[in-house]
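J.: Sharing data.cif (mmCIF, C-alpha atoms and all ligand atoms) below.
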```cif
data_coords
loop_
_atom_site.label_atom_id
_atom_site.label_comp_id
_atom_site.auth_asym_id
_atom_site.auth_seq_id
_atom_site.Cartn_x
_atom_site.Cartn_y
_atom_site.Cartn_z
CA MET E 905 82.81 74.05 126.49
CA SER E 906 81.88 73.95 122.82
CA TYR E 907 81.46 76.99 120.56
CA LEU E 908 80.24 77.47 116.99
CA ILE E 909 82.34 79.98 115.06
CA GLU E 910 79.89 82.29 113.32
CA ARG E 911 82.14 84.67 111.42
CA LEU E 912 85.62 86.10 111.13
CA GLY E 913 86.35 89.48 112.71
CA HIS E 914 88.41 92.21 111.08
CA GLN E 915 91.51 91.08 112.98
CA GLY E 916 91.14 87.58 111.49
CA ASP E 917 89.92 85.88 114.69
CA GLY E 918 86.91 83.55 114.58
CA ILE E 919 83.94 84.91 116.56
CA ALA E 920 81.39 82.78 118.43
CA ALA E 921 78.26 84.02 120.23
CA GLY E 922 79.07 86.16 123.24
CA PRO E 923 81.17 87.40 121.54
CA VAL E 924 84.03 84.99 122.15
CA PHE E 925 87.14 85.46 119.99
CA ALA E 926 88.96 82.32 118.85
CA PRO E 927 92.17 82.85 116.87
CA MET E 928 93.03 80.45 114.03
CA THR E 929 89.46 79.22 113.61
CA LEU E 930 87.04 79.54 110.69
CA PRO E 931 83.31 80.18 110.26
CA GLY E 932 81.22 77.00 110.60
CA GLU E 933 83.77 75.28 112.81
CA ARG E 934 82.80 73.79 116.14
CA VAL E 935 85.61 74.28 118.64
CA SER E 936 86.18 73.74 122.34
CA GLY E 937 88.42 75.68 124.67
CA THR E 938 88.66 77.79 127.80
CA ALA E 939 87.30 81.32 127.64
CA ILE E 940 89.44 83.88 129.45
CA GLY E 941 87.36 87.02 129.28
CA THR E 942 86.26 87.19 125.66
CA ARG E 943 89.26 85.22 124.34
CA LEU E 944 89.26 81.46 123.84
CA THR E 945 92.46 79.57 124.72
CA ASP E 946 93.54 75.90 124.50
CA ILE E 947 91.43 75.67 121.38
CA ARG E 948 90.60 72.26 119.90
CA ILE E 949 88.93 72.05 116.52
CA GLU E 950 86.11 69.52 116.88
CA GLU E 951 84.48 69.98 113.47
CA PRO E 952 86.87 71.59 110.97
CA SER E 953 85.75 73.77 108.07
CA ALA E 954 86.18 72.42 104.53
CA ARG E 955 88.25 75.56 103.92
CA ARG E 956 90.82 74.67 106.59
CA VAL E 957 94.32 73.85 105.33
CA ALA E 958 97.58 72.94 107.03
CA PRO E 959 99.43 76.25 107.63
CA PRO E 960 102.38 76.37 105.23
CA CYS E 961 104.71 78.02 107.76
CA ARG E 962 106.01 76.25 110.84
CA HIS E 963 106.06 79.55 112.76
CA PHE E 964 102.36 80.25 112.21
CA LYS E 965 101.13 79.06 115.59
CA ALA E 966 103.33 81.42 117.61
CA CYS E 967 104.17 84.26 115.19
CA GLY E 968 101.88 87.27 114.96
CA GLY E 969 103.00 88.09 111.40
CA CYS E 970 100.20 86.04 109.78
CA GLN E 971 96.61 85.45 110.90
CA LEU E 972 95.06 83.42 108.08
CA GLN E 973 97.40 80.62 107.05
CA HIS E 974 94.90 78.03 108.27
CA ALA E 975 92.44 78.99 105.49
CA ASP E 976 92.67 78.25 101.76
CA ASP E 977 93.30 81.07 99.27
CA VAL E 978 89.68 81.16 98.07
CA PHE E 979 88.46 81.66 101.62
CA VAL E 980 90.94 84.51 102.20
CA ALA E 981 89.96 86.16 98.91
CA ASP E 982 86.24 85.92 99.76
CA PHE E 983 86.88 87.22 103.28
CA LYS E 984 88.81 90.27 102.07
CA GLU E 985 86.34 91.07 99.28
CA GLY E 986 83.56 90.60 101.83
CA VAL E 987 85.09 93.24 104.10
CA VAL E 988 85.10 95.75 101.22
CA ARG E 989 81.60 94.78 100.04
CA ALA E 990 80.23 95.21 103.57
CA ALA E 991 81.90 98.62 103.99
CA LEU E 992 80.41 99.81 100.67
CA SER E 993 76.96 98.35 101.24
CA ALA E 994 76.78 100.15 104.61
CA HIS E 995 76.59 103.27 102.36
CA GLY E 996 74.23 101.63 99.85
CA ILE E 997 76.97 101.18 97.22
CA GLU E 998 77.17 98.08 95.03
CA THR E 999 79.85 97.66 92.43
CA GLN E 1000 81.77 95.25 90.23
CA PHE E 1001 84.68 93.43 91.91
CA LEU E 1002 87.65 92.55 89.70
CA PRO E 1003 89.55 89.36 90.62
CA ILE E 1004 91.75 89.74 93.68
CA ALA E 1005 95.48 90.26 93.03
CA THR E 1006 97.28 88.29 95.74
CA SER E 1007 101.04 88.66 96.02
CA PRO E 1008 102.91 85.36 96.04
CA ALA E 1009 104.56 83.93 99.14
CA ARG E 1010 108.06 85.24 99.87
CA ALA E 1011 107.39 88.54 98.10
CA ARG E 1012 107.54 91.14 100.89
CA ARG E 1013 110.29 93.59 100.10
CA ARG E 1014 109.94 95.61 103.28
CA ALA E 1015 109.25 94.67 106.88
CA THR E 1016 109.85 95.89 110.40
CA LEU E 1017 111.59 93.34 112.56
CA SER E 1018 111.83 93.49 116.30
CA ALA E 1019 115.23 92.67 117.81
CA ARG E 1020 116.49 92.38 121.37
CA ARG E 1021 119.77 91.82 123.14
CA THR E 1022 119.90 88.54 125.00
CA LYS E 1023 122.37 87.21 127.57
CA LYS E 1024 124.34 85.40 124.87
CA ALA E 1025 123.90 87.69 121.87
CA ALA E 1026 120.59 88.87 120.31
CA MET E 1027 117.42 87.64 118.65
CA ALA E 1028 115.19 89.09 115.92
CA GLY E 1029 111.83 88.28 114.38
CA PHE E 1030 108.19 89.35 114.50
CA HIS E 1031 106.07 89.86 117.60
CA GLY E 1032 104.18 86.82 118.80
CA ARG E 1033 100.44 86.41 118.42
CA ALA E 1034 98.76 88.99 120.73
CA SER E 1035 102.04 89.53 122.61
CA ASP E 1036 105.23 91.54 122.40
CA VAL E 1037 107.46 88.49 122.79
CA ILE E 1038 109.83 88.21 119.81
CA ILE E 1039 109.38 85.06 117.75
CA GLU E 1040 112.31 83.98 115.60
CA ILE E 1041 111.31 83.30 111.98
CA PRO E 1042 114.15 81.53 110.12
CA ASP E 1043 111.64 79.86 107.75
CA CYS E 1044 109.33 82.85 107.23
CA ARG E 1045 107.11 82.50 104.12
CA LEU E 1046 106.39 86.21 103.84
CA LEU E 1047 109.79 87.81 103.37
CA HIS E 1048 111.48 87.95 99.98
CA PRO E 1049 114.50 85.58 100.00
CA ASP E 1050 116.83 88.59 99.71
CA LEU E 1051 115.15 90.19 102.74
CA MET E 1052 115.87 87.16 104.95
CA ARG E 1053 119.36 88.55 105.43
CA ALA E 1054 117.69 91.32 107.44
CA ILE E 1055 117.26 88.87 110.34
CA PRO E 1056 120.99 88.51 111.16
CA VAL E 1057 121.39 92.23 110.40
CA ALA E 1058 118.73 93.13 113.00
CA GLU E 1059 120.37 90.75 115.49
CA ALA E 1060 123.78 92.32 114.99
CA LEU E 1061 122.37 95.84 115.41
CA ALA E 1062 120.55 94.84 118.61
CA GLN E 1063 123.62 93.09 119.99
CA HIS E 1064 125.85 96.10 119.47
CA ALA E 1065 123.49 99.03 119.79
CA GLY E 1066 120.25 97.83 121.40
CA THR E 1067 119.39 98.63 124.99
CA ARG E 1068 118.73 96.10 127.75
CA LYS E 1069 115.33 97.65 128.39
CA GLY E 1070 113.45 97.61 125.12
CA ALA E 1071 113.35 96.08 121.68
CA LEU E 1072 114.96 97.63 118.64
CA ASP E 1073 112.61 98.22 115.69
CA VAL E 1074 114.48 97.52 112.50
CA ALA E 1075 112.67 98.68 109.35
CA VAL E 1076 114.28 97.01 106.37
CA CYS E 1077 113.64 97.52 102.70
CA LEU E 1078 115.14 95.85 99.65
CA SER E 1079 116.65 98.27 97.17
CA ARG E 1080 118.51 97.76 93.90
CA ALA E 1081 121.75 98.29 95.87
CA GLY E 1082 120.95 95.95 98.78
CA LEU E 1083 119.39 96.42 102.19
CA ASP E 1084 118.14 99.85 103.26
CA VAL E 1085 117.85 99.85 107.06
CA ASN E 1086 116.33 102.33 109.51
CA ALA E 1087 116.51 101.29 113.18
CA SER E 1088 114.79 102.96 116.09
CA GLY E 1089 114.46 102.43 119.83
CA GLY E 1090 118.16 101.60 120.38
CA LYS E 1091 120.94 103.45 122.23
CA ALA E 1092 121.10 107.21 121.88
CA LEU E 1093 123.47 108.37 119.18
CA ASP E 1094 126.85 109.74 120.24
CA GLY E 1095 130.27 109.85 118.59
CA PRO E 1096 131.42 106.31 119.50
CA LEU E 1097 128.01 104.79 118.56
CA ARG E 1098 128.12 106.58 115.22
CA ALA E 1099 131.55 105.15 114.48
CA LEU E 1100 130.47 101.67 115.56
CA LEU E 1101 127.30 101.79 113.42
CA ALA E 1102 129.22 103.06 110.38
CA GLN E 1103 131.59 100.13 110.79
CA LEU E 1104 128.68 97.70 111.18
CA ALA E 1105 127.06 99.05 107.99
CA GLY E 1106 130.24 97.93 106.18
CA THR E 1107 130.56 94.56 107.91
CA LEU E 1108 126.87 93.82 107.28
CA ASP E 1109 127.14 95.05 103.68
CA LEU E 1110 124.18 97.46 103.97
CA ALA E 1111 123.38 99.94 101.22
CA ARG E 1112 122.29 102.48 103.85
CA LEU E 1113 121.95 102.51 107.62
CA ALA E 1114 119.86 105.13 109.42
CA TRP E 1115 119.38 105.43 113.19
CA ASP E 1116 116.10 107.00 114.27
CA GLY E 1117 115.82 108.40 110.73
CA GLU E 1118 119.31 109.95 110.69
CA VAL E 1119 121.56 108.55 107.98
CA ILE E 1120 124.72 107.07 109.54
CA ALA E 1121 126.18 105.43 106.47
CA MET E 1122 125.24 105.46 102.81
CA ARG E 1123 127.59 103.02 101.14
CA GLN E 1124 125.45 102.95 97.99
CA ALA E 1125 122.26 104.86 97.20
CA PRO E 1126 119.32 102.52 98.05
CA VAL E 1127 117.64 103.10 94.72
CA GLN E 1128 114.05 102.11 93.87
CA SER E 1129 112.72 101.91 90.30
CA PHE E 1130 109.41 103.61 89.53
CA GLY E 1131 108.84 102.98 85.83
CA ALA E 1132 111.84 104.40 83.98
CA ALA E 1133 112.86 106.59 86.93
CA SER E 1134 115.29 105.76 89.73
CA VAL E 1135 114.55 107.25 93.14
CA THR E 1136 116.54 107.24 96.38
CA PRO E 1137 113.83 107.54 99.06
CA PRO E 1138 114.56 109.18 102.40
CA PRO E 1139 115.00 106.74 105.31
CA GLY E 1140 111.71 105.19 106.41
CA ALA E 1141 109.77 106.48 103.39
CA PHE E 1142 106.56 104.69 102.43
CA LEU E 1143 106.91 102.06 99.72
CA GLN E 1144 104.38 99.46 98.58
CA ALA E 1145 104.99 96.14 100.35
CA THR E 1146 105.51 93.90 97.30
CA ALA E 1147 106.61 94.53 93.72
CA GLU E 1148 103.65 92.44 92.51
CA GLY E 1149 101.15 94.45 94.57
CA GLU E 1150 102.61 97.71 93.32
CA ALA E 1151 102.32 96.51 89.69
CA ALA E 1152 98.68 95.46 90.23
CA LEU E 1153 97.78 98.82 91.80
CA LEU E 1154 99.57 100.75 89.06
CA ALA E 1155 97.82 98.77 86.27
CA ASP E 1156 94.39 99.67 87.68
CA VAL E 1157 95.41 103.28 88.30
CA ARG E 1158 96.49 103.53 84.66
CA THR E 1159 93.15 102.08 83.49
CA ALA E 1160 91.20 104.51 85.68
CA LEU E 1161 93.08 107.46 84.18
CA GLU E 1162 92.81 106.43 80.52
CA GLY E 1163 92.04 109.50 78.42
CA ALA E 1164 93.23 111.98 81.05
CA GLU E 1165 95.83 114.54 80.01
CA TRP E 1166 96.81 116.17 83.27
CA VAL E 1167 96.73 114.11 86.44
CA VAL E 1168 97.09 115.07 90.09
CA ASP E 1169 98.63 112.42 92.38
CA LEU E 1170 97.55 113.09 95.98
CA PHE E 1171 99.49 111.49 98.88
CA ALA E 1172 102.09 110.68 96.24
CA GLY E 1173 104.93 109.30 98.41
CA CYS E 1174 108.19 109.12 96.44
CA GLY E 1175 106.41 108.78 93.10
CA THR E 1176 105.27 105.13 93.03
CA PHE E 1177 102.41 106.15 90.72
CA ALA E 1178 103.39 109.68 89.66
CA LEU E 1179 106.64 108.69 87.92
CA PRO E 1180 105.26 105.80 85.82
CA LEU E 1181 102.17 107.92 85.04
CA ALA E 1182 104.46 110.66 83.73
CA GLU E 1183 105.23 108.36 80.78
CA ALA E 1184 101.75 109.14 79.40
CA HIS E 1185 100.33 112.13 81.33
CA ARG E 1186 101.44 115.47 82.70
CA VAL E 1187 101.48 114.95 86.46
CA HIS E 1188 101.36 117.13 89.56
CA ALA E 1189 102.35 115.13 92.67
CA VAL E 1190 101.43 116.30 96.16
CA GLU E 1191 102.80 114.72 99.34
CA GLY E 1192 103.17 115.86 102.97
CA ASP E 1193 106.82 114.91 103.39
CA ALA E 1194 109.18 117.31 101.57
CA ALA E 1195 112.05 114.80 101.64
CA MET E 1196 109.88 112.45 99.57
CA THR E 1197 108.85 115.07 97.01
CA GLU E 1198 112.53 116.07 96.65
CA ALA E 1199 113.49 112.44 96.05
CA MET E 1200 110.73 112.13 93.44
CA ASP E 1201 111.77 115.36 91.72
CA ALA E 1202 115.41 114.23 91.57
CA GLY E 1203 114.28 110.90 90.05
CA TRP E 1204 112.21 112.71 87.41
CA ARG E 1205 115.07 115.05 86.47
CA GLN E 1206 117.39 112.12 85.77
CA ALA E 1207 114.86 110.06 83.79
CA ASP E 1208 114.52 110.24 80.02
CA ARG E 1209 111.34 110.69 78.02
CA LEU E 1210 108.96 111.55 80.83
CA LYS E 1211 106.31 114.25 80.48
CA GLN E 1212 106.19 117.19 82.85
CA LEU E 1213 106.11 116.28 86.56
CA THR E 1214 105.75 118.99 89.18
CA VAL E 1215 105.89 118.28 92.91
CA GLU E 1216 104.44 120.04 95.93
CA ALA E 1217 105.02 119.33 99.63
CA ARG E 1218 101.74 120.06 101.36
CA ASP E 1219 99.68 118.82 104.29
CA LEU E 1220 96.57 117.56 102.53
CA TYR E 1221 94.61 117.14 105.75
CA ARG E 1222 95.03 120.76 106.77
CA ARG E 1223 95.30 122.30 103.34
CA PRO E 1224 93.60 120.10 100.73
CA LEU E 1225 93.89 121.28 97.14
CA LEU E 1226 90.88 123.48 96.40
CA PRO E 1227 88.61 123.46 93.31
CA ASP E 1228 90.45 126.45 91.84
CA GLU E 1229 93.70 124.49 91.98
CA LEU E 1230 92.08 121.24 90.83
CA LYS E 1231 90.14 122.50 87.82
CA ARG E 1232 93.12 122.03 85.44
CA PHE E 1233 93.21 118.25 86.07
CA ASP E 1234 91.07 115.68 84.31
CA GLY E 1235 92.29 112.77 86.42
CA ALA E 1236 93.34 112.14 90.03
CA VAL E 1237 95.04 109.38 92.01
CA ILE E 1238 94.43 109.47 95.74
CA ASP E 1239 96.24 107.06 98.10
CA PRO E 1240 95.81 108.35 101.65
CA PRO E 1241 96.86 106.83 105.00
CA ARG E 1242 94.34 104.72 106.96
CA ALA E 1243 92.36 107.79 108.04
CA GLY E 1244 91.24 108.28 104.43
CA ALA E 1245 90.92 111.61 102.68
CA GLU E 1246 87.59 113.14 103.58
CA ALA E 1247 88.66 116.77 103.23
CA GLN E 1248 90.57 116.24 99.98
CA MET E 1249 87.86 114.05 98.42
CA ALA E 1250 85.28 116.72 99.18
CA GLN E 1251 87.34 119.19 97.13
CA LEU E 1252 87.94 116.74 94.26
CA ILE E 1253 84.20 116.21 94.10
CA ARG E 1254 83.47 119.93 94.18
CA ALA E 1255 85.99 120.39 91.36
CA LYS E 1256 84.20 117.61 89.39
CA VAL E 1257 87.51 115.91 88.46
CA PRO E 1258 86.06 113.30 86.09
CA ARG E 1259 88.33 110.27 86.76
CA VAL E 1260 89.55 109.25 90.19
CA ALA E 1261 91.71 106.23 91.05
CA TYR E 1262 91.35 105.64 94.80
CA VAL E 1263 93.95 103.38 96.44
CA SER E 1264 93.13 102.50 100.03
CA CYS E 1265 94.45 100.49 102.97
CA ASN E 1266 91.21 100.96 104.92
CA PRO E 1267 87.88 99.82 103.41
CA VAL E 1268 85.87 101.79 106.00
CA THR E 1269 87.35 105.20 105.23
CA PHE E 1270 87.39 104.37 101.51
CA ALA E 1271 83.66 103.58 101.60
CA ARG E 1272 82.95 106.81 103.50
CA ASP E 1273 84.88 108.85 100.91
CA ALA E 1274 83.37 106.95 97.97
CA ALA E 1275 79.86 107.55 99.36
CA MET E 1276 80.50 111.32 99.34
CA ALA E 1277 81.42 111.05 95.66
CA VAL E 1278 78.42 108.88 94.78
CA ALA E 1279 76.10 111.39 96.46
CA GLU E 1280 77.47 114.06 94.08
CA GLY E 1281 77.09 112.15 90.82
CA TYR E 1282 80.12 109.82 90.69
CA SER E 1283 79.90 106.08 90.12
CA VAL E 1284 82.19 103.44 91.61
CA ASP E 1285 82.89 101.48 88.42
CA ALA E 1286 85.16 98.76 89.74
CA VAL E 1287 87.04 97.70 92.84
CA ARG E 1288 89.91 95.26 93.14
CA VAL E 1289 91.33 93.90 96.38
CA VAL E 1290 95.12 93.90 96.10
CA ASP E 1291 96.47 91.55 98.73
CA GLN E 1292 100.05 92.54 99.44
CA PHE E 1293 99.73 91.40 103.05
CA ARG E 1294 99.08 87.78 102.25
CA TRP E 1295 97.80 85.67 105.17
CA SER E 1296 97.14 88.79 107.26
CA SER E 1297 93.72 90.28 107.95
CA HIS E 1298 94.83 93.59 106.40
CA VAL E 1299 92.75 94.65 103.35
CA GLU E 1300 93.92 96.94 100.55
CA LEU E 1301 92.10 97.93 97.38
CA VAL E 1302 92.09 100.08 94.29
CA ALA E 1303 88.87 101.57 92.92
CA ARG E 1304 87.86 103.40 89.76
CA LEU E 1305 85.45 106.30 90.22
CA THR E 1306 84.04 108.36 87.40
CA ARG E 1307 81.75 111.34 87.22
CA ILE E 1308 78.80 110.47 84.98
C1 LIG Q 1 99.61 105.03 101.66
S1 LIG Q 1 100.97 106.09 101.43
C2 LIG Q 1 100.96 106.23 99.67
C3 LIG Q 1 102.19 106.77 99.04
C4 LIG Q 1 102.32 106.58 97.54
N1 LIG Q 1 101.08 106.83 96.83
C5 LIG Q 1 102.86 105.20 97.19
O1 LIG Q 1 102.11 104.39 96.66
O2 LIG Q 1 104.04 104.95 97.47
C6 LIG Q 1 100.34 107.61 102.03
C7 LIG Q 1 101.27 108.78 101.86
O3 LIG Q 1 100.59 109.92 102.44
C8 LIG Q 1 101.57 110.74 103.02
N2 LIG Q 1 100.88 111.59 104.02
C9 LIG Q 1 100.55 111.28 105.29
N3 LIG Q 1 99.90 112.31 105.87
C10 LIG Q 1 99.83 113.30 104.94
C11 LIG Q 1 99.29 114.61 104.93
N4 LIG Q 1 98.69 115.12 106.01
N5 LIG Q 1 99.39 115.33 103.81
C12 LIG Q 1 99.98 114.83 102.70
N6 LIG Q 1 100.53 113.58 102.66
C13 LIG Q 1 100.46 112.83 103.75
C14 LIG Q 1 102.58 109.77 103.60
O4 LIG Q 1 103.86 110.39 103.78
C15 LIG Q 1 102.61 108.68 102.54
O5 LIG Q 1 103.61 108.93 101.59
#
```
Can the structure in the file be given as structure tokens, please?
Ligand SMILES: C[S@@+](CC[C@H](N)C(=O)[O-])C[C@H]1O[C@@H](n2cnc3c(N)ncnc32)[C@H](O)[C@@H]1O
T.:
Amino acid sequence: MSYLIERLGHQGDGIAAGPVFAPMTLPGERVSGTAIGTRLTDIRIEEPSARRVAPPCRHFKACGGCQLQHADDVFVADFKEGVVRAALSAHGIETQFLPIATSPARARRRATLSARRTKKAAMAGFHGRASDVIIEIPDCRLLHPDLMRAIPVAEALAQHAGTRKGALDVAVCLSRAGLDVNASGGKALDGPLRALLAQLAGTLDLARLAWDGEVIAMRQAPVQSFGAASVTPPPGAFLQATAEGEAALLADVRTALEGAEWVVDLFAGCGTFALPLAEAHRVHAVEGDAAMTEAMDAGWRQADRLKQLTVEARDLYRRPLLPDELKRFDGAVIDPPRAGAEAQMAQLIRAKVPRVAYVSCNPVTFARDAAMAVAEGYSVDAVRVVDQFRWSSHVELVARLTRI
């Protein structure tokens, strides 16, 4: 049977009338295939889109790591901007879009690999498309060349410390000192496993190895640079996915805060924005995880020539900063998890903080929060899509809001 692909869904699948979901297709394409429920299989492209390109990675067909390698860069940029535009226009907001900042191929500095013991040894990679089968990715186009070494590392960890039942999740991050690894879902820790893992950390030349968040070996501090400051994040801490994406976000955050003297950084992580901002502003950084605020504080104390930076560990969903606490700031950065920051934005708006840089990994919750601000006299001056998750359907953005 033949189908016309009408649009792309938020997961990156083509959608035909029905709806019928057809992965790796593009709007305007006529395709044939067998519908199993709402999913099309054995897809043949009968009339390809002019935007179709040969996927650059040989793993694309099977690997679930990328969804959009079959489309050219302009299509992907338009698709991602379109998702943000649609989310904003659902609230009646129109704004200026700055050119998308797409991270290059082979730029990802952190990833979570899945690894499993096999009869012979072990295998590691990403999950397959719509499945939990592990697909090996020796020619992956996403991972930074220095992160490719994480594949044999994940295999070795699974071989020696994975269980027969489930997969080992191996979160790996590049640091200045080498690989920073946090594995979970493997064997339960006991004395002999600890000794084995400590030995493996040496053999595999890891900067740090943590098991379910507990540090087993720290051979060298896995340091990250945030502006002039050096920070050793706790295991599994949030970090932006690419150096290029982080630089693009930071540049727009700086622009949004021009003229501010005292800035509050909400959902501040380990200081990705707070520490570079402290070169020009006094900063108060608030984050839910105390280990992260401690790491940020230690980084600030060791850095030269930064202005005052204070940190606070606080649950911003349960206890958002209130207008009384916010009135001293003339600028704010807010970078919440996918759920957005409804409660905290409401307080920022009540406090009339004049400049807000909103960084978001979810256009829907961003648009909801921005609409609250617009209703109370703010304008959304500019939005930029920052594509750190190249070839995926994931959309991230940074926006500049000001109170007129
Ligand atoms: C998208 S990350 C941004 C971190 C940081 N701005 C950066 O760029 O590295 C969101 C941060 O919110 C923190 N977080 C999650 N829930 C929170 C809560 N209820 N209260 C405060 N912070 C929270 C996470 O630990 C994480 O560091």
J.: Using all atoms listed in the file, which residues have at least one atom no more than 8 Å from ligand LIG 1 (chain Q)? Output them as a ChimeraX atom specification.
T.: /E:1141-1144,1150,1169-1177,1190-1193,1196,1217-1222,1238-1242,1263-1265
J.: Using all atoms listed in the file, which of the listed residues (E:Ile947, E:Ala1009, E:Val1057, E:Met1027) sits closest to E:Phe925?
T.: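 Closest candidate: E:Ile947.
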J.: Enter the distance from atom CA of E:Leu1226 to atom CA of E:Val1167, in Å, rounded to one decimal.
T.: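 Computed distance, atom CA of E:Leu1226 to atom CA of E:Val1167, equals 14.9 Å.
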J.: Between E:Gln915, E:Ser1079, E:Ser936, E:Gln971, which is the closest to E:Trp1295 once you count only C-alpha atoms?
T.: E:Gln971
J.: Env of E:Val1284: 10 Å cut, atoms = all atoms listed in the file, seq-sep filter 5 positions within chain, self excluded. Answer as a PyMOL selection string.
T.: chain E and resi 992+997-1000+1260-1262+1274-1275+1277-1278+1303-1307
J.: Using only the atoms of stretch 1259-1277 of chain E listed in the file, plus 8 Å on each side, state the axis-aligned box centre and edge lengths in Å rounded to one decimal, as AutoDock Vina command-line options.
T.:
```
--center_x 87.2 --center_y 105.6 --center_z 96.4 --size_x 30.6 --size_y 27.5 --size_z 35.2
```
J.: Could you add the missing atoms to stretch 951-963 of chain E, up to N, CA and C atoms, and return them as a short mmCIF file (atom, residue, chain, number, x, y, z; two decimals), in the frame of the given file?
T.:
```
data_model
loop_
_atom_site.label_atom_id
_atom_site.label_comp_id
_atom_site.auth_asym_id
_atom_site.auth_seq_id
_atom_site.Cartn_x
_atom_site.Cartn_y
_atom_site.Cartn_z
N GLU E 951 85.00 70.20 114.84
CA GLU E 951 84.48 69.98 113.47
C GLU E 951 85.13 71.02 112.58
N PRO E 952 86.14 70.61 111.79
CA PRO E 952 86.87 71.59 110.97
C PRO E 952 86.06 72.05 109.75
N SER E 953 86.34 73.23 109.30
CA SER E 953 85.75 73.77 108.07
C SER E 953 86.39 73.09 106.86
N ALA E 954 85.62 72.97 105.77
CA ALA E 954 86.18 72.42 104.53
C ALA E 954 87.25 73.34 103.97
N ARG E 955 87.27 74.58 104.42
CA ARG E 955 88.25 75.56 103.92
C ARG E 955 89.55 75.56 104.73
N ARG E 956 89.61 74.72 105.75
CA ARG E 956 90.82 74.67 106.59
C ARG E 956 91.94 73.96 105.85
N VAL E 957 93.15 74.51 105.93
CA VAL E 957 94.32 73.85 105.33
C VAL E 957 95.43 73.82 106.39
N ALA E 958 96.42 72.98 106.14
CA ALA E 958 97.58 72.94 107.03
C ALA E 958 98.38 74.23 106.80
N PRO E 959 98.67 75.01 107.84
CA PRO E 959 99.43 76.25 107.63
C PRO E 959 100.78 75.96 106.99
N PRO E 960 101.12 76.68 105.91
CA PRO E 960 102.38 76.37 105.23
C PRO E 960 103.64 76.70 106.03
N CYS E 961 103.51 77.57 107.04
CA CYS E 961 104.71 78.02 107.76
C CYS E 961 104.75 77.40 109.15
N ARG E 962 105.91 76.90 109.52
CA ARG E 962 106.01 76.25 110.84
C ARG E 962 105.96 77.26 112.00
N HIS E 963 106.12 78.54 111.69
CA HIS E 963 106.06 79.55 112.76
C HIS E 963 104.65 80.06 113.02
#
```
